[in-house]
Every structure is written in structure tokens, then in C-alpha cells.
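File shown here: my_file_21.cif, holding mmCIF, C-alpha atoms.
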```cif
data_target
loop_
_atom_site.label_atom_id
_atom_site.label_comp_id
_atom_site.auth_asym_id
_atom_site.auth_seq_id
_atom_site.Cartn_x
_atom_site.Cartn_y
_atom_site.Cartn_z
CA MET A 1 -106.83 79.93 -62.18
CA LEU A 2 -106.85 78.27 -65.55
CA PRO A 3 -105.86 74.62 -65.71
CA ALA A 4 -102.41 74.18 -67.08
CA GLU A 5 -102.38 73.07 -70.67
CA PRO A 6 -100.63 69.78 -71.30
CA LEU A 7 -97.11 70.31 -72.55
CA ALA A 8 -96.63 69.48 -76.18
CA ALA A 9 -94.57 66.35 -76.49
CA VAL A 10 -91.00 67.27 -77.28
CA PRO A 11 -89.49 64.70 -79.59
CA THR A 12 -86.38 63.04 -78.28
CA ASP A 13 -83.12 63.15 -80.19
CA ALA A 14 -83.64 59.49 -81.06
CA ALA A 15 -87.07 60.25 -82.51
CA LEU A 16 -85.66 63.12 -84.57
CA ILE A 17 -82.83 60.95 -85.81
CA ALA A 18 -85.29 58.26 -86.87
CA ALA A 19 -87.46 60.88 -88.58
CA TRP A 20 -84.46 62.27 -90.45
CA GLN A 21 -83.47 58.80 -91.55
CA GLY A 22 -87.01 58.44 -92.83
CA GLY A 23 -86.50 61.53 -94.98
CA ASP A 24 -87.84 64.29 -92.72
CA GLU A 25 -85.62 67.31 -93.33
CA GLN A 26 -87.25 69.32 -90.56
CA ALA A 27 -86.10 66.71 -88.08
CA ALA A 28 -82.51 67.41 -89.13
CA ALA A 29 -83.10 71.15 -88.80
CA GLU A 30 -84.52 70.63 -85.31
CA LEU A 31 -81.48 68.64 -84.24
CA VAL A 32 -79.27 71.48 -85.44
CA ARG A 33 -81.35 74.07 -83.58
CA ARG A 34 -81.23 71.98 -80.44
CA HIS A 35 -77.48 71.43 -80.28
CA ALA A 36 -75.85 74.16 -82.35
CA ARG A 37 -75.08 76.56 -79.50
CA ALA A 38 -73.52 73.95 -77.24
CA LEU A 39 -71.46 72.79 -80.18
CA ALA A 40 -70.45 76.36 -80.96
CA ARG A 41 -69.21 76.81 -77.39
CA PHE A 42 -67.13 73.66 -77.71
CA LEU A 43 -65.78 74.58 -81.13
CA GLY A 44 -65.51 78.28 -80.38
CA THR A 45 -62.90 77.51 -77.77
CA GLY A 46 -60.68 75.95 -80.36
CA ALA A 47 -61.40 78.52 -82.99
CA SER A 48 -60.62 81.47 -80.73
CA GLY A 49 -57.55 83.32 -81.81
CA GLY A 50 -57.57 81.56 -85.15
CA ASP A 51 -59.08 82.56 -88.41
CA THR A 52 -61.65 79.82 -88.53
CA ASP A 53 -65.30 80.76 -88.60
CA VAL A 54 -67.23 78.93 -85.88
CA ASP A 55 -70.33 78.88 -88.08
CA ASP A 56 -68.41 76.85 -90.62
CA LEU A 57 -67.09 74.48 -87.97
CA VAL A 58 -70.58 73.92 -86.57
CA GLN A 59 -71.98 73.34 -90.02
CA GLU A 60 -69.22 70.93 -90.95
CA THR A 61 -69.67 69.00 -87.72
CA PHE A 62 -73.37 68.54 -88.35
CA ILE A 63 -72.80 67.44 -91.93
CA ARG A 64 -70.25 64.84 -90.82
CA ALA A 65 -72.56 63.72 -88.06
CA PHE A 66 -75.51 63.23 -90.37
CA ARG A 67 -73.31 61.33 -92.81
CA ALA A 68 -72.21 58.99 -90.03
CA LEU A 69 -75.51 58.80 -88.20
CA GLY A 70 -75.72 55.07 -88.76
CA GLN A 71 -72.71 54.68 -86.48
CA PHE A 72 -74.47 56.32 -83.57
CA ARG A 73 -75.61 53.51 -81.32
CA GLY A 74 -76.69 55.51 -78.31
CA GLN A 75 -73.45 54.78 -76.45
CA CYS A 76 -73.69 58.35 -75.17
CA ARG A 77 -75.99 61.30 -75.64
CA PHE A 78 -76.34 62.59 -79.17
CA ARG A 79 -74.87 65.91 -78.09
CA THR A 80 -71.80 64.26 -76.63
CA TRP A 81 -71.36 62.25 -79.80
CA LEU A 82 -71.60 65.49 -81.77
CA MET A 83 -68.80 66.94 -79.65
CA THR A 84 -66.52 64.04 -80.50
CA ILE A 85 -67.17 64.64 -84.19
CA GLY A 86 -66.58 68.32 -83.53
CA GLY A 87 -63.24 67.31 -82.05
CA ASN A 88 -62.27 65.84 -85.42
CA VAL A 89 -63.42 68.95 -87.21
CA LEU A 90 -61.43 71.06 -84.79
CA LYS A 91 -58.34 68.95 -85.31
CA ASP A 92 -58.57 69.54 -89.06
CA ALA A 93 -59.10 73.24 -88.42
CA TYR A 94 -55.99 73.36 -86.22
CA ARG A 95 -54.00 71.83 -89.06
CA ARG A 96 -55.21 74.49 -91.46
CA VAL A 97 -54.57 77.27 -88.96
CA ARG A 98 -51.03 76.03 -88.37
CA ARG A 99 -50.39 76.19 -92.08
CA THR A 100 -51.74 79.71 -92.51
CA ARG A 101 -51.57 81.21 -89.08
CA VAL A 102 -52.99 84.70 -88.93
CA VAL A 103 -53.84 85.97 -85.47
CA PRO A 104 -56.56 88.58 -85.76
CA LEU A 105 -57.09 91.32 -83.25
CA ALA A 106 -59.39 89.84 -80.62
CA ASP A 107 -62.86 91.33 -80.31
CA ASP A 108 -62.13 92.35 -76.73
CA LEU A 109 -59.18 94.44 -77.80
CA ARG A 110 -61.38 96.30 -80.22
CA ALA A 111 -64.14 96.86 -77.71
CA THR A 112 -64.68 100.44 -76.72
CA ASP A 113 -67.08 99.91 -73.81
CA GLY A 114 -65.95 99.03 -70.28
CA ASP A 115 -62.43 99.16 -68.91
CA PRO A 116 -60.02 98.70 -71.82
CA HIS A 117 -57.37 97.32 -69.49
CA GLU A 118 -59.72 94.63 -68.12
CA HIS A 119 -60.78 93.75 -71.64
CA ALA A 120 -57.20 93.44 -72.69
CA VAL A 121 -56.31 91.23 -69.72
CA ALA A 122 -59.34 88.99 -70.27
CA ALA A 123 -58.60 88.71 -73.95
CA GLU A 124 -54.99 87.90 -73.20
CA MET A 125 -55.99 85.11 -70.80
CA GLU A 126 -58.48 83.68 -73.26
CA ALA A 127 -55.94 83.78 -76.05
CA ARG A 128 -53.39 81.98 -73.88
CA LEU A 129 -55.95 79.37 -72.87
CA ALA A 130 -56.87 78.84 -76.51
CA ASP A 131 -53.19 78.50 -77.34
CA GLY A 132 -52.71 76.05 -74.46
CA LEU A 133 -55.69 73.99 -75.59
CA GLU A 134 -54.31 73.83 -79.08
CA ARG A 135 -51.03 72.45 -77.75
CA LEU A 136 -52.67 69.72 -75.68
CA PRO A 137 -52.86 66.16 -76.94
CA ARG A 138 -56.25 65.65 -78.48
CA MET A 139 -57.58 63.34 -75.79
CA GLN A 140 -56.60 65.73 -73.01
CA ARG A 141 -58.15 68.66 -74.86
CA GLU A 142 -61.44 66.90 -75.51
CA VAL A 143 -61.74 65.50 -72.02
CA PHE A 144 -61.01 68.95 -70.59
CA LEU A 145 -63.59 70.69 -72.77
CA LEU A 146 -66.27 68.08 -72.28
CA ARG A 147 -65.74 68.22 -68.53
CA ALA A 148 -64.99 71.89 -67.88
CA GLN A 149 -67.14 73.44 -70.54
CA GLN A 150 -69.99 71.00 -71.09
CA GLY A 151 -70.11 69.70 -67.53
CA LEU A 152 -70.19 66.03 -68.48
CA GLU A 153 -69.50 63.21 -66.07
CA TYR A 154 -66.39 61.10 -66.58
CA GLU A 155 -68.53 58.06 -67.40
CA GLU A 156 -70.15 59.80 -70.34
CA ILE A 157 -66.89 61.33 -71.51
CA ALA A 158 -65.30 57.89 -71.40
CA ALA A 159 -68.15 56.34 -73.38
CA ALA A 160 -67.96 59.06 -76.01
CA LEU A 161 -64.19 58.94 -76.41
CA GLY A 162 -63.80 55.19 -76.11
CA THR A 163 -61.81 55.19 -72.90
CA THR A 164 -62.39 54.43 -69.23
CA PRO A 165 -63.69 56.90 -66.64
CA GLY A 166 -60.43 56.52 -64.72
CA ALA A 167 -58.36 57.32 -67.79
CA ALA A 168 -60.61 60.29 -68.57
CA ARG A 169 -60.01 61.59 -65.06
CA VAL A 170 -56.25 61.30 -65.54
CA HIS A 171 -56.44 63.08 -68.90
CA PHE A 172 -58.43 65.88 -67.29
CA HIS A 173 -55.90 66.40 -64.52
CA HIS A 174 -52.99 66.39 -66.97
CA ALA A 175 -54.85 68.94 -69.11
CA VAL A 176 -55.54 71.21 -66.15
CA LYS A 177 -51.90 71.05 -65.04
CA ARG A 178 -50.57 71.92 -68.48
CA LEU A 179 -53.10 74.68 -69.08
CA LYS A 180 -52.26 76.28 -65.77
CA GLU A 181 -48.58 76.16 -66.63
CA ASN A 182 -49.40 77.85 -69.90
CA LEU A 183 -51.37 80.59 -68.16
CA ALA A 184 -48.87 81.19 -65.38
CA MET B 1 -55.30 80.12 -60.85
CA THR B 2 -57.73 77.64 -59.31
CA ASP B 3 -59.44 74.82 -61.15
CA GLU B 4 -62.72 76.70 -60.93
CA GLU B 5 -61.23 79.84 -62.47
CA LEU B 6 -59.76 77.78 -65.26
CA GLU B 7 -63.11 76.15 -65.97
CA LYS B 8 -64.85 79.52 -65.99
CA LEU B 9 -62.29 80.86 -68.40
CA ALA B 10 -62.86 77.88 -70.67
CA GLN B 11 -66.60 78.44 -70.51
CA ARG B 12 -66.18 82.10 -71.37
CA LEU B 13 -63.89 81.28 -74.22
CA GLY B 14 -66.56 79.62 -76.34
CA ALA B 15 -69.50 81.62 -75.06
CA ARG B 16 -69.10 84.54 -77.43
CA ALA B 17 -68.88 82.25 -80.42
CA ALA B 18 -72.07 80.53 -79.32
CA GLU B 19 -73.86 83.85 -78.87
CA ARG B 20 -72.83 85.04 -82.30
CA LEU B 21 -73.98 81.88 -84.01
CA ASP B 22 -77.04 82.30 -86.20
CA VAL B 23 -78.72 79.04 -85.33
CA GLU B 24 -81.53 79.30 -87.87
CA ALA B 25 -79.16 80.10 -90.71
CA THR B 26 -76.93 77.22 -89.68
CA ALA B 27 -79.88 74.82 -89.58
CA GLN B 28 -80.96 75.94 -93.03
CA ALA B 29 -77.44 75.64 -94.42
CA VAL B 30 -77.05 72.14 -93.01
CA VAL B 31 -80.40 71.03 -94.43
CA ASP B 32 -79.51 72.51 -97.83
CA ARG B 33 -76.20 70.66 -97.90
CA LEU B 34 -77.81 67.39 -96.82
CA ARG B 35 -80.48 67.82 -99.50
CA ALA B 36 -77.82 68.42 -102.12
CA GLU B 37 -75.94 65.30 -101.03
CA ARG B 38 -79.10 63.22 -101.16
CA ALA B 39 -79.90 64.59 -104.60
CA LYS B 40 -76.46 63.48 -105.77
CA GLY B 41 -77.25 60.01 -104.49
CA GLU B 42 -74.60 60.05 -101.80
CA PRO B 43 -75.58 57.93 -98.81
CA VAL B 44 -76.37 60.22 -95.89
CA GLY B 45 -77.02 58.65 -92.53
CA VAL B 46 -76.79 55.15 -93.90
CA TRP B 47 -74.03 53.01 -92.53
CA LEU B 48 -73.31 49.35 -92.85
CA PRO B 49 -70.82 47.69 -90.57
CA ARG B 50 -67.70 46.52 -92.34
CA GLN B 51 -68.57 42.92 -91.52
CA TRP B 52 -71.91 43.25 -93.25
CA LEU B 53 -70.21 44.70 -96.28
CA ARG B 54 -67.85 41.71 -96.34
CA ILE B 55 -70.75 39.28 -96.05
CA ALA B 56 -72.61 41.09 -98.82
CA ALA B 57 -69.52 41.01 -101.03
CA ALA B 58 -69.04 37.28 -100.35
CA LEU B 59 -72.68 36.61 -101.22
CA VAL B 60 -72.39 38.52 -104.47
CA ILE B 61 -69.27 36.56 -105.39
CA ALA B 62 -70.85 33.23 -104.42
CA VAL B 63 -74.11 33.86 -106.28
CA GLY B 64 -72.36 35.37 -109.29
CA GLY B 65 -69.83 32.57 -109.42
CA GLY B 66 -72.54 29.94 -109.07
CA ALA B 67 -74.60 31.46 -111.84
CA LEU B 68 -71.55 31.62 -114.08
CA ALA B 69 -70.61 28.01 -113.34
CA LEU B 70 -74.17 26.88 -114.03
CA ARG B 71 -74.21 28.70 -117.33
CA VAL B 72 -70.87 27.21 -118.38
CA THR B 73 -72.03 23.70 -117.40
CA ARG B 74 -75.29 24.05 -119.26
CA THR B 75 -73.54 25.40 -122.31
CA HIS B 76 -71.13 22.48 -122.22
CA GLU B 77 -73.96 19.95 -121.83
CA THR B 78 -76.05 21.32 -124.65
CA THR B 79 -73.33 22.05 -127.15
CA ALA B 80 -73.56 18.76 -129.00
CA PRO B 81 -77.36 18.44 -129.29
CA VAL B 82 -77.84 22.10 -130.13
CA THR B 83 -75.25 21.86 -132.80
CA THR B 84 -76.85 18.69 -134.02
CA ALA B 85 -80.36 19.94 -133.89
CA GLY B 86 -79.78 23.48 -134.91
CA ALA B 87 -77.46 22.82 -137.81
CA ASP B 88 -78.55 21.67 -141.19
CA LEU B 89 -77.66 17.98 -141.04
CA ASP B 90 -77.74 17.76 -144.81
CA GLY B 91 -74.72 20.00 -144.83
CA LEU B 92 -72.62 17.68 -142.63
CA SER B 93 -70.05 15.38 -144.09
CA THR B 94 -70.04 11.63 -143.38
CA ASP B 95 -67.24 12.06 -140.87
CA GLN B 96 -69.12 14.80 -139.06
CA LEU B 97 -72.27 12.69 -138.93
CA ASN B 98 -70.26 9.77 -137.55
CA GLN B 99 -68.94 12.09 -134.84
CA VAL B 100 -72.48 13.08 -133.95
CA LEU B 101 -73.56 9.46 -133.79
CA HIS B 102 -70.55 8.56 -131.72
CA ALA B 103 -71.40 11.34 -129.28
CA VAL B 104 -75.01 10.24 -129.00
CA GLU B 105 -74.02 6.60 -128.41
CA GLN B 106 -71.52 7.33 -125.64
CA PRO B 107 -72.34 5.42 -122.43
CA ALA B 108 -73.69 7.47 -119.52
CA GLY B 109 -71.31 8.46 -116.73
CA GLN B 110 -68.61 9.75 -118.99
CA ASN B 111 -68.03 13.42 -119.22
CA VAL B 112 -69.59 13.62 -122.62
CA VAL B 113 -73.08 14.18 -123.85
CA SER B 114 -75.18 11.02 -123.84
CA ALA B 115 -78.43 10.25 -125.59
CA GLN B 116 -80.22 10.62 -122.25
CA ASP B 117 -78.76 14.06 -121.80
CA VAL B 118 -80.05 15.29 -125.07
CA SER B 119 -83.10 17.41 -124.57
CA LEU B 120 -85.28 15.89 -127.22
CA ASP B 121 -88.27 17.64 -125.75
CA ASP B 122 -86.73 20.90 -126.77
CA LEU B 123 -86.56 19.92 -130.43
CA ASN B 124 -89.35 20.74 -132.79
CA THR B 125 -90.84 18.32 -135.28
CA VAL B 126 -88.59 19.33 -138.15
CA GLU B 127 -85.47 19.03 -136.00
CA LEU B 128 -86.53 15.63 -134.64
CA ARG B 129 -87.20 14.36 -138.16
CA ALA B 130 -83.82 15.63 -139.31
CA LEU B 131 -82.13 13.88 -136.40
CA LEU B 132 -83.94 10.59 -137.07
CA GLU B 133 -83.11 10.72 -140.75
CA SER B 134 -79.49 11.34 -139.94
CA LEU B 135 -79.44 8.39 -137.54
CA GLU B 136 -81.10 6.12 -140.13
CA GLY B 137 -78.51 7.12 -142.66
#
```
Starting from the coordinates I provided, produce the structure as C-alpha cells.
Amino acid sequence: MLPAEPLAAVPTDAALIAAWQGGDEQAAAELVRRHARALARFLGTGASGGDTDVDDLVQETFIRAFRALGQFRGQCRFRTWLMTIGGNVLKDAYRRVRRTRVVPLADDLRATDGDPHEHAVAAEMEARLADGLERLPRMQREVFLLRAQQGLEYEEIAAALGTTPGAARVHFHHAVKRLKENLA
Amino acid sequence: MTDEELEKLAQRLGARAAERLDVEATAQAVVDRLRAERAKGEPVGVWLPRQWLRIAAALVIAVGGGALALRVTRTHETTAPVTTAGADLDGLSTDQLNQVLHAVEQPAGQNVVSAQDVSLDDLNTVELRALLESLEG
């Protein structure tokens, strides 16, 4: 059996941030590669049912993040901080969507494989959840998504959103209650 | 619907968007935009706390104000001798020469130019001779 090769050192987010600030563009690209999908999941929830392109939201979030990188003091993980910036981007997107609301036919409704009825039901539920999320106060929405979707602990959510873990817990429970009412 | 079902639904909601995302294209687009912003000279990733900006602004005002005050003071102090030394004394009238003499003979401590304040070291030979001749009448 061959001896295991030592793992190549994976640069931390902090190291990549420092490298980017020193002018290394590839460090910025690596940060995008590392966090883009998680961010897309977070933003995709808000963009569902709307006419906003998730790619654009992800891109805009990263641009804003890099512009404000000096404000990142390690109070939470870089990814969590990105999500809070994404929350701002999403809020702006909601405003635009409200102004020019066009609800496209969901992908699931167009799908031809599988049970069309199941697809339709799933799409309906997702659309109602997206609608419910859009109606939530911003803090409730972000706490819910960071907790339910990203699996973060209340302590980290609180640090990212500038609140207390107890308050974050309350926001989460309010969000769950209202979303369930919306889905009932 | 249970809490777990709700969470799963939320996870599913963004999953498709994440799967569709072209990560490499996004990374390239972000880098391109950042490069363009840097090329335009816009500060990217540089942030100064508001307090530091205030301190920097106060320093600029203090240093700028000090430099301006110093320049005004120096100008005021050197007006008489420069005028005296730089001008052609032959062209001055008797009254004007008397004013120059009066200024040079003012006692120290008053807010006027005294003989001690005059920078004689700065005058060249011709200017010194002209000044002496004017003083001797």
C-alpha cells in the first residue's frame, strides 16, 4: 500500500481575503468558487417565482462583498457574512420584482418526466413558500433561511445579523409559524 | 406540515438554482467586474472606519490651516523689508522714505516690523548698500 500523499494545504478564507487585498485576482475567484453554490441556494429561495436571475444575484452579492471586505472583521464565518450581504441584494431584488411582477411558469410545471401531478404539487408548495418568505419581515426571513437552509447555529446567526441568539430563536419560530400558515 | 418538512422544502427551494449556477462563469464575471472597478480607481476592499476618516479630515484641516496661518504671518512680517529692499529706493519720495525709517525704528514688542525682524542676511550687497544709503540720507 502506497503511503498517503500529504494533503495540499487548502488556503483559509482569511488567507484568500488577504491575498485578494494584496492584488491576487485568483484569490477572489477561489472565494467565489468556494461559496457560490451555498449563496445560490440562499438567494435562489428568494428568487424563485420571480423573474430575477440567480446568477446575477450571486454576482452582485460577491461584488458588494468585495467592495466592503474591509468591514469584515471575522465576527462570523465569511460565508455567513456573504449571506447577510445576499440578504440586502435579495431585498433590492424583491423591490424590483414588486414593481414589475411577472410570474413565469415554474420549471416543474414544464417538466415532462415523472408524475406531472406530483411536480405540480411540489411546484405549488415551493411557490407558496417563496411567496411566504417574501412576505416575512427581513430579519425573520434571514434567520429562517440561515437556520433551515444553511444549518447555522443561533449564535452564528446572531453574530452575523447583529442580534442575540435568543432573539434569533424567536425570529425563527415566528417565521416558521407564519410560513406554515401561508402553506396551510 | 412539520418543522422538518418545512425545512426540507426550504432546502429544495434553492437547490435547483444552486445546481444551475455556472460557478466558473460567475467567478470569472466577478473577477472581471472587480478588475474593471480597480482600473477605474474605485476603492475595492478598502474600508476606513468613519472615525478614522474624521480624524484624517481634522488633521488635513489642522495642517492646512497651520500652513496657511504661517504663510500669512511670514508675509506680514516680511512685507516692509521686502518692499524696502526689493524696491528701488531712489524712486521713493521723502515721505515714503520717512515711513520706511519709522518702521525700522519701531521698538520691539509692537505688532510692527522692527529692525531686528528685518532679515538683513537675506539681502544682497546691492540691496544692503541701497538700504544704508537711504538711512544715511
Output the contact residues of chain B with respect to chain A at a cut-off of 8 Å, based on all atoms listed in the file, as a ChimeraX atom specification.
-> /B:1,3,6-11,13-19,21-24,26-31,33-34,43-48
For atom CA of A:Gln75 and atom CA of A:Glu156, determine how far apart the two atoms are, in Å to one decimal place.
->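 Atom-to-atom, atom CA of A:Gln75 and atom CA of A:Glu156 are spaced 8.6 Å apart.
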Counting only C-alpha atoms, which of A:Val143, A:Val170, A:Ala15, A:Ala9 gets nearest to A:Thr84?
->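 Answer, going by the shortest atom-to-atom distance: A:Val143.
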From atom CA of A:Ile85 to atom CA of B:Ala36 the spacing works out at 21.2 Å
Pull the neighbourhood of (-59.6, 63.1, -74.9) for me: all residues within 10 Å in file coordinates, counting all atoms listed in the file, as a list in words.
->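 Every residue inside that radius is included here: Thr84, Gly87, Leu136, Pro137, Arg138, Met139, Gln140, Arg141, Glu142, Val143, Phe144, Leu145, Leu146, Ile157, Ala158, Ala160, Leu161, Gly162, Thr163, Ala167, Ala168, Arg169, His171, Phe172 and Ala175 of chain A.
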Take the selection from the previous step and output its residues with C-alpha atoms, as a CSV table (one decimal), in the frame of the given file.
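And here's selection_29.csv as it stands now:
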```csv
chain,number,residue,atom,x,y,z
A,84,THR,CA,-66.5,64.0,-80.5
A,87,GLY,CA,-63.2,67.3,-82.0
A,136,LEU,CA,-52.7,69.7,-75.7
A,137,PRO,CA,-52.9,66.2,-76.9
A,138,ARG,CA,-56.2,65.6,-78.5
A,139,MET,CA,-57.6,63.3,-75.8
A,140,GLN,CA,-56.6,65.7,-73.0
A,141,ARG,CA,-58.2,68.7,-74.9
A,142,GLU,CA,-61.4,66.9,-75.5
A,143,VAL,CA,-61.7,65.5,-72.0
A,144,PHE,CA,-61.0,69.0,-70.6
A,145,LEU,CA,-63.6,70.7,-72.8
A,146,LEU,CA,-66.3,68.1,-72.3
A,157,ILE,CA,-66.9,61.3,-71.5
A,158,ALA,CA,-65.3,57.9,-71.4
A,160,ALA,CA,-68.0,59.1,-76.0
A,161,LEU,CA,-64.2,58.9,-76.4
A,162,GLY,CA,-63.8,55.2,-76.1
A,163,THR,CA,-61.8,55.2,-72.9
A,167,ALA,CA,-58.4,57.3,-67.8
A,168,ALA,CA,-60.6,60.3,-68.6
A,169,ARG,CA,-60.0,61.6,-65.1
A,171,HIS,CA,-56.4,63.1,-68.9
A,172,PHE,CA,-58.4,65.9,-67.3
A,175,ALA,CA,-54.8,68.9,-69.1
```
In Å, how far is it from atom CA of A:Arg135 to atom CA of A:Asn182?
->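 Computed distance, atom CA of A:Arg135 to atom CA of A:Asn182, equals 9.7 Å.
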Point out the residue among B:Leu135, B:Leu123, B:Ala58, B:Leu128 with the least atom-to-atom distance to B:Thr94, counting all atoms listed in the file.
->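 Among B:Leu135, B:Leu123, B:Ala58, B:Leu128, it is B:Leu135 that comes nearest to B:Thr94.
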Could you give me the axis-aligned bounding box of stretch 80-91 of chain A, with 3 Å of padding per side, as centre plus edge lengths in Å to one decimal, as JSON?
```
{"center_x": -65.1, "center_y": 66.7, "center_z": -81.9, "size_x": 19.5, "size_y": 14.8, "size_z": 16.6}
```
Report as a PDB file with C-alpha atoms, keeping the file's coordinate frame the full result of the PyMOL selection byres ((chain A and resi 13) around 9) when it is applied to this structure.
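Output (part_24.pdb):
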```pdb
ATOM      1  CA  PRO A  11     -89.490  64.700 -79.590  1.00  0.00           C
ATOM      2  CA  THR A  12     -86.380  63.040 -78.280  1.00  0.00           C
ATOM      3  CA  ALA A  14     -83.640  59.490 -81.060  1.00  0.00           C
ATOM      4  CA  ALA A  15     -87.070  60.250 -82.510  1.00  0.00           C
ATOM      5  CA  LEU A  16     -85.660  63.120 -84.570  1.00  0.00           C
ATOM      6  CA  ILE A  17     -82.830  60.950 -85.810  1.00  0.00           C
ATOM      7  CA  ALA A  18     -85.290  58.260 -86.870  1.00  0.00           C
ATOM      8  CA  LEU A  31     -81.480  68.640 -84.240  1.00  0.00           C
ATOM      9  CA  ARG A  77     -75.990  61.300 -75.640  1.00  0.00           C
ATOM     10  CA  PHE A  78     -76.340  62.590 -79.170  1.00  0.00           C
ATOM     11  CA  ARG A  79     -74.870  65.910 -78.090  1.00  0.00           C
TER      12      ARG A  79
END
```
